[in-house]
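Since the structure comes first, as structure tokens, the remarks are kept for the end.
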Amino acid sequence: MAINVKVNVLFFASLKEDLGVSEIELDVSDRAGRSDLLDSLTSELGSDCVSPLMAENVSIAVNRSIEKGEFVLKSGDEIAFLPPITGG
Amino acid sequence: MDEIRVQTDDFSVADEYEACGAAAGLDCGAIATFIGLVRHADGDSKVEGLHLEHYPGMTEASIKNIIEDARNRWSLQHVRVVHRIGTLPAGSQIVLVVVASSHRPDAFAACEFIMDFLKTEAVFWKKEIRSDGELWIRSTSGDYERRDGWDDGVSSVGE
């Protein structure tokens, strides 16, 4: 039987507004990857979240480091969905 | 030790200039400063203010990366970056970059470089509050052209 772990997921700026939530605690299977994360988010937030979260210009950070490829999640990880950034 | 701060409060250019002078070495001969302001208009739209968000920890790391890259290119004695977040009315100060060096070419160049990379690589989000609605704004093609004009660029956070 798969072991579930808890991770924290953050949404910023336009994504926070689109989804109506800034932060959720999520149960994912231990060693979950990108598609498992999306499945868990869909279960939690509904299928409407898929389009904004998977937009081409949205970056995913795991523990404050941008992950462009596959990743493996562990208990306590912080995942952030980042719409396009601009400072200054 | 460089200074990186993200804060809601306004900053005093005089205080930051003084702190830069105190932190720089005895052979400091040039301090360049840049202050970014909230425009009152963007094209034909009247801007009432700007709302800024950041990602604590990651934002500061992204600024640190930019400063490190500037330090690899020029001889710098001290760098200060103060960036505001929250809701700022038009005309407010948003960002301050202060760079100290022995000579002006390095101070000018590094100050401009740091600002160009803050525009495209620093982890902030900005929403314009206009008289006709609200709009999350993005780096412009001009911002990317200016960044790419610095030869090879800096790596993004975590890469």
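Chains: A, B, ... in order of the structure tokens. Residues: from 1 per chain. Ligands: from 1, in order shown.
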Applying 12 Å and only C-alpha atoms, which residues near region 56-66 of chain A remain after dropping the ones on its own chain fewer than 2 positions away? List them as JSON, numbers by chain. {"A": [7, 8, 9, 10, 11, 12, 13, 14, 15, 33, 34, 37, 38, 50, 51, 52, 53, 54, 68, 69, 70, 71, 72, 73, 74, 75, 76, 77, 78, 79, 80, 81, 82, 83, 84, 85], "B": [55, 56, 57, 58, 59, 60, 61, 62, 121, 123, 138, 155, 156, 157, 158, 159]}
Using only C-alpha atoms, find which residues of chain B lie within 10 Å of chain A and jot them down as a ChimeraX atom specification. /B:35-38,51-59,61-63,82-84,94-97,114-127,135-140,143,156-159
Write the residues of the preceding selection, restricted to C-alpha atoms, as a CSV table (one decimal), in the first residue's frame.
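Heads up, here's the output in result_39.csv:
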```
chain,number,residue,atom,x,y,z
B,35,ILE,CA,15.7,54.6,-7.6
B,36,GLY,CA,12.6,53.1,-9.3
B,37,LEU,CA,9.3,54.8,-8.9
B,38,VAL,CA,5.6,53.9,-9.5
B,51,HIS,CA,0.7,46.0,-5.8
B,52,LEU,CA,3.8,43.9,-5.3
B,53,GLU,CA,4.2,40.4,-4.0
B,54,HIS,CA,7.2,38.3,-3.3
B,55,TYR,CA,8.2,34.7,-2.2
B,56,PRO,CA,10.1,35.1,1.0
B,57,GLY,CA,13.4,33.4,0.8
B,58,MET,CA,13.4,32.7,-2.9
B,59,THR,CA,13.1,36.4,-3.7
B,61,ALA,CA,18.1,34.4,-3.1
B,62,SER,CA,17.2,35.6,-6.7
B,63,ILE,CA,18.6,39.1,-5.8
B,82,VAL,CA,16.1,47.5,-1.2
B,83,HIS,CA,12.8,46.4,-2.8
B,84,ARG,CA,9.4,47.3,-1.5
B,94,ILE,CA,9.7,50.9,-5.3
B,95,VAL,CA,13.4,49.9,-5.6
B,96,LEU,CA,16.8,51.2,-4.6
B,97,VAL,CA,20.1,50.0,-6.0
B,114,ILE,CA,21.6,44.8,-11.4
B,115,MET,CA,18.4,46.8,-12.4
B,116,ASP,CA,18.2,45.1,-15.8
B,117,PHE,CA,18.3,41.7,-14.1
B,118,LEU,CA,15.9,42.6,-11.3
B,119,LYS,CA,13.4,43.3,-14.1
B,120,THR,CA,13.5,39.8,-15.5
B,121,GLU,CA,15.1,37.5,-12.9
B,122,ALA,CA,14.0,38.7,-9.4
B,123,VAL,CA,11.1,36.8,-7.9
B,124,PHE,CA,8.4,39.5,-7.6
B,125,TRP,CA,5.0,40.0,-9.1
B,126,LYS,CA,3.5,43.4,-9.8
B,127,LYS,CA,-0.1,44.3,-10.4
B,135,LEU,CA,-3.5,44.1,-14.5
B,136,TRP,CA,-0.7,41.8,-13.6
B,137,ILE,CA,2.3,43.1,-15.5
B,138,ARG,CA,5.2,41.1,-17.0
B,139,SER,CA,8.7,41.9,-18.2
B,140,THR,CA,8.5,43.6,-21.5
B,143,ASP,CA,13.4,44.3,-20.6
B,156,SER,CA,18.0,31.6,-12.5
B,157,VAL,CA,17.5,30.6,-8.9
B,158,GLY,CA,18.2,27.0,-8.2
B,159,GLU,CA,19.8,26.3,-11.6
```
Quick one: DSSP helix (DSSP H, G or I) residues in chain A, as an NGL selection string? :A and (13-19 or 34-45 or 47-53)
Determine which residues of chain A DSSP labels as strand (DSSP E) from the backbone of this structure, then write them out as a ChimeraX atom specification. /A:4-11,23-29,59-62,65-66,78-82
Got a sec: who's within 10 Å of region 101-108 of chain B, counting only C-alpha atoms, leaving out chain neighbours fewer than 5 positions off, as a ChimeraX atom specification? /B:24-34,70-71,73-79,113
Separation of CA of Ser47 (chain A) from CA of Asp18 (chain A), in Å and rounded to one decimal: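 Separation of CA of Ser47 (chain A) and CA of Asp18 (chain A): 12.9 Å.
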